[in-house]
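Student: I have a structure I would like to understand better, so I am pasting it below and will then ask my questions one at a time.
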Amino acid sequence: MAEAMAGAAPTELGSEKIGKLLRQYAVPGIIAQTAASLYNMVDSIYIGHIPGVGSAAISGLAVTFPLMNLSIAMGTLVGVGAMTLISVLLGQRNYDAAQKVLSNVLTLNVIIGVVFTAITLPFLDSILRFFGASDTTLPFARDYMFIILAGNVFTHLYHGFNGLIRSSGHPKVAMGLTLFTVVSNAILDPIFIFVLGMGIRGAALATILCQLAALAYTLRFLSDKRRLLHFTRPLFQLDWRIAKQSLAIGVGPFLMNVAACLVALFINQQLGKYGGDMAIGAYGILNRLTMLFVMVNMGFSQGLQPIAGYNYGARQYTRVREIFVLTAKWEVLVTTLCFLMSELIPRQAVSLFTNDPQLIELAARGLRIMNCAFALVGFGMVTGNFFQCLGMVRKSIFLSLSRQLLFLLPLIYTLPLWLQETGVWISFPISDTLNVIISAILIVRLFRKFDRLKDGESADILGSNIQS
């Protein structure tokens with residue numbers, strides 16, 4: 001399998017200048033990821049300016065984050081594994097099996113999407129109250145999530161197939177579909193929210209309709225038999241062997257998203273306890289702002305993965321180190337920009353989402369504290385992704401889960417006992433700093449192992465530790 005993948009990889013990955021390769025492979029990912037982040041920001045910006053209820057509505061939207069993360073986790077369980085399998089099978093020229101993966105994605109996403117909606121929709125009020133909704137914010141959270149859950153299957157299918165289109169050699173098509181949803185959502189949001197008077201329900205409906213339109217084009221694209229990857233009859237089929245492989249690969253990202261769900265849940269509960277609905281709304285704004293920079297870095301990581309993976313497989317350790325260092329510089333620059341925004345112009349940044357003076361003041365203060373150590377977070381992000389693309393999945397998962405479960409959650413629960421709401425905000429820079437320290441230790445250990453190797457030598461001479 002590894003030989004087939006290496007044989008299918010473009011030789012430029014092992015010979016072209018690293019800087020040029022990173023630009024070539026990262027730019028489409030940065031555009032797509034930034035567009036996806038803007039997609040969520042657009043909803044929040046319009047919702048925060050609904051006359052008379054903007055602050056309560058944006059707090060209601062923040063309450064839905066844990067449930068949204070859980071839905072994303074379910075989609076990731078199918079999508080990430082399928083993208084990996086598709087890449088491998090196409091590299092092996094095993095097109096029949098690749099078509100089965102495509103059918104599996106259709107069937108599994110429909111099953112999981114329907115089951116998730118059927119379980120959550122009847123108990124929506126109870127779930128949202130558990131996630132931090134109050135009597136004031138519950139109606140807004142319910143109105144938004146009811147429509148989102150009703151269209152949950154379409155969302156899963158759109159994101160799943162979009163990833164497969166990218167993995168099958170059409171990254172520009174996948175990027176174009178993402179940009180389409182962003183632009184169309186920005187157009188429909190004010191029409192549904194303000195012109196038609198639908199409020200927060202209009203934002204949710206615009207989101208689903210845009211994804212449904214993109215899905216329609218995606219289905220047409222994948223139905224074209226002239227394409228390498230296309231639907232075959234019977235359309236709905238499930239190969240359990242492929243399904244098990246796909247789900248096994250997707251477990252890691254699934255667990256990371258579940259952890260994100262738990263973190264969002266506990267953050268809402270603690271902010272609601274110590275700061276009330278306004279504090280939850282402030283976190284909703286800060287989350288959207290920070291995620292814009294995080295998504296840019298995810299684009300860089302998408303560019304890093306094929307370059308580092310190919311050169312590691314080709315035993316070109318000098319180039320592996322070079323691509324890590326260059327990507328780390330760019331990602332640290334991005335998180336430094338987020339740090340500067342948070343410290344220098346926090347009021348201007350949060351004012352995009354609301355005109356409520358109290359919410360602006362609370363969110364600006366939270367942004368300064370929450371991101372005061374954010375400059376180096378890019379180093380921790382690139383390190384986790386670097387280990388993943390070298391096949392060192394356990395280290396990658398550990399770095400991701402340690403920040404959220406080992407550091408952030410205990411701090412969120414202990415610090416507010418003395419510092420009240422401020423303790424929640426301080427939890428973020430402390431956990432970020434600890435995560436960067438652990439990342440630095442692990443990457444230094446790895447590079448010391450690389451120092452004992454010459455390009456072309458097998459990593460096996462160091463034993464199994466380098467693979468763990």
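Residues in the structure tokens are named by chain (A, B, ... in the order shown) and by number from 1 within that chain; ligands are numbered from 1 in the order shown.
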Leaving out range 338-347 of chain A and any residue of its chain fewer than 4 positions from it, which residues lie within 6 Å of it when counting only C-alpha atoms, given as a list in words?
Tutor: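 Counting only C-alpha atoms, the residues come to Ser351, Ala364, Leu367, Arg368, Asn371, Phe374 and Ala375 of chain A.
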Student: So which residues of range 21-260 of chain A fall under alpha helix (DSSP H) by DSSP, listed as a ChimeraX atom specification?
Tutor: /A:21-48,54-63,65-91,95-120,124-130,138-150,152-167,171-190,200-222,240-260
Student: Show which residues sit within 7 Å of Ser301 in chain A, as a list in words. Count only C-alpha atoms, and ignore same-chain residues fewer than 4 positions away.
Tutor: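 Here the answer would be Asn297, Gln305, Val382 and Asn385 of chain A.
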Student: Quick one: everything within 9 Å of range 275-284 of chain A, counting only C-alpha atoms, minus sequence neighbours fewer than 3 positions away in the same chain. Send it as number ranges by chain.
Tutor: A: 44, 55-63, 65, 132-134, 136-137, 267-272, 287-289, 350, 358-360, 362-364, 366-367, 420-421
Student: Select, from A:Met68, A:Leu222, A:Leu77, A:Ile397, the residue with the minimum atom-to-atom distance to Ser439 in chain A, counting only C-alpha atoms.
Tutor: A:Ile397
Student: Using only C-alpha atoms, which residues sit within 8 Å of Ile242 in chain A once same-chain residues fewer than 3 positions away are excluded, as a list in words?
Tutor: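 My reading of the contact set: Lys100, Val101, Asn104, Asp239, Gln245 and Ser246 of chain A.
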Student: If we count only C-alpha atoms and set the cut-off at 9 Å, which residues sit around Met145 in chain A, ignoring sequence neighbours fewer than 4 positions away in its own chain? Please answer as a PyMOL selection string.
Tutor: chain A and resi 61+64+67-68+121+124+140-141+149-150+201+204
Student: Using only C-alpha atoms for the distances, tell me which of A:Val424, A:Cys389, A:Ile72, A:Leu102 is nearest to Leu255 in chain A.
Tutor: A:Ile72
Student: Point out the residue among A:Ala82, A:Leu401, A:Leu13, A:Val183 with the least atom-to-atom distance to Tyr312 in chain A, counting only C-alpha atoms.
Tutor: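 Of A:Ala82, A:Leu401, A:Leu13, A:Val183, the one nearest Tyr312 in chain A is A:Leu13, counting only C-alpha atoms.
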Student: So which residues touch Ile438 in chain A within 12 Å, counting only C-alpha atoms, skipping near sequence neighbours fewer than 6 positions away, as a ChimeraX atom specification?
Tutor: /A:377,379-381,383-384,395-396,398-400,402-403,406-407,431-432,444-445
Student: Once you have the residues from the selection above, write them out as a PDB file, in the first residue's frame, restricted to C-alpha atoms.
Tutor:
```
ATOM      1  CA  VAL A 377      -0.301  28.750  19.766  1.00  0.00           C
ATOM      2  CA  PHE A 379       3.618  26.327  17.127  1.00  0.00           C
ATOM      3  CA  GLY A 380       1.446  23.887  19.060  1.00  0.00           C
ATOM      4  CA  MET A 381      -1.002  23.594  16.162  1.00  0.00           C
ATOM      5  CA  THR A 383       3.349  20.302  15.808  1.00  0.00           C
ATOM      6  CA  GLY A 384       0.182  18.255  16.280  1.00  0.00           C
ATOM      7  CA  LYS A 395       1.319  11.860  19.592  1.00  0.00           C
ATOM      8  CA  SER A 396      -1.005  13.996  17.459  1.00  0.00           C
ATOM      9  CA  PHE A 398      -2.269  13.370  22.702  1.00  0.00           C
ATOM     10  CA  LEU A 399      -1.313  16.961  21.876  1.00  0.00           C
ATOM     11  CA  SER A 400      -4.858  17.825  20.839  1.00  0.00           C
ATOM     12  CA  SER A 402      -4.045  17.259  26.360  1.00  0.00           C
ATOM     13  CA  ARG A 403      -4.779  20.931  25.728  1.00  0.00           C
ATOM     14  CA  LEU A 406      -5.821  17.561  30.641  1.00  0.00           C
ATOM     15  CA  PHE A 407      -5.242  21.304  30.930  1.00  0.00           C
ATOM     16  CA  SER A 431      -3.543  25.726  28.856  1.00  0.00           C
ATOM     17  CA  ASP A 432      -2.152  27.208  25.619  1.00  0.00           C
ATOM     18  CA  VAL A 444      12.885  18.474  19.902  1.00  0.00           C
ATOM     19  CA  ARG A 445      13.003  14.773  20.754  1.00  0.00           C
TER      20      ARG A 445
END
```
Student: Could you jot down the CA of Val110 in chain A to CA of Phe231 in chain A separation for me, Å, one decimal place?
Tutor: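 Between CA of Val110 in chain A and CA of Phe231 in chain A the gap is 15.4 Å.
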Student: Have a look at CA of Leu219 in chain A and CA of Phe161 in chain A and let me know their distance in Å, one decimal.
Tutor: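 Separation between CA of Leu219 in chain A and CA of Phe161 in chain A: 8.3 Å.
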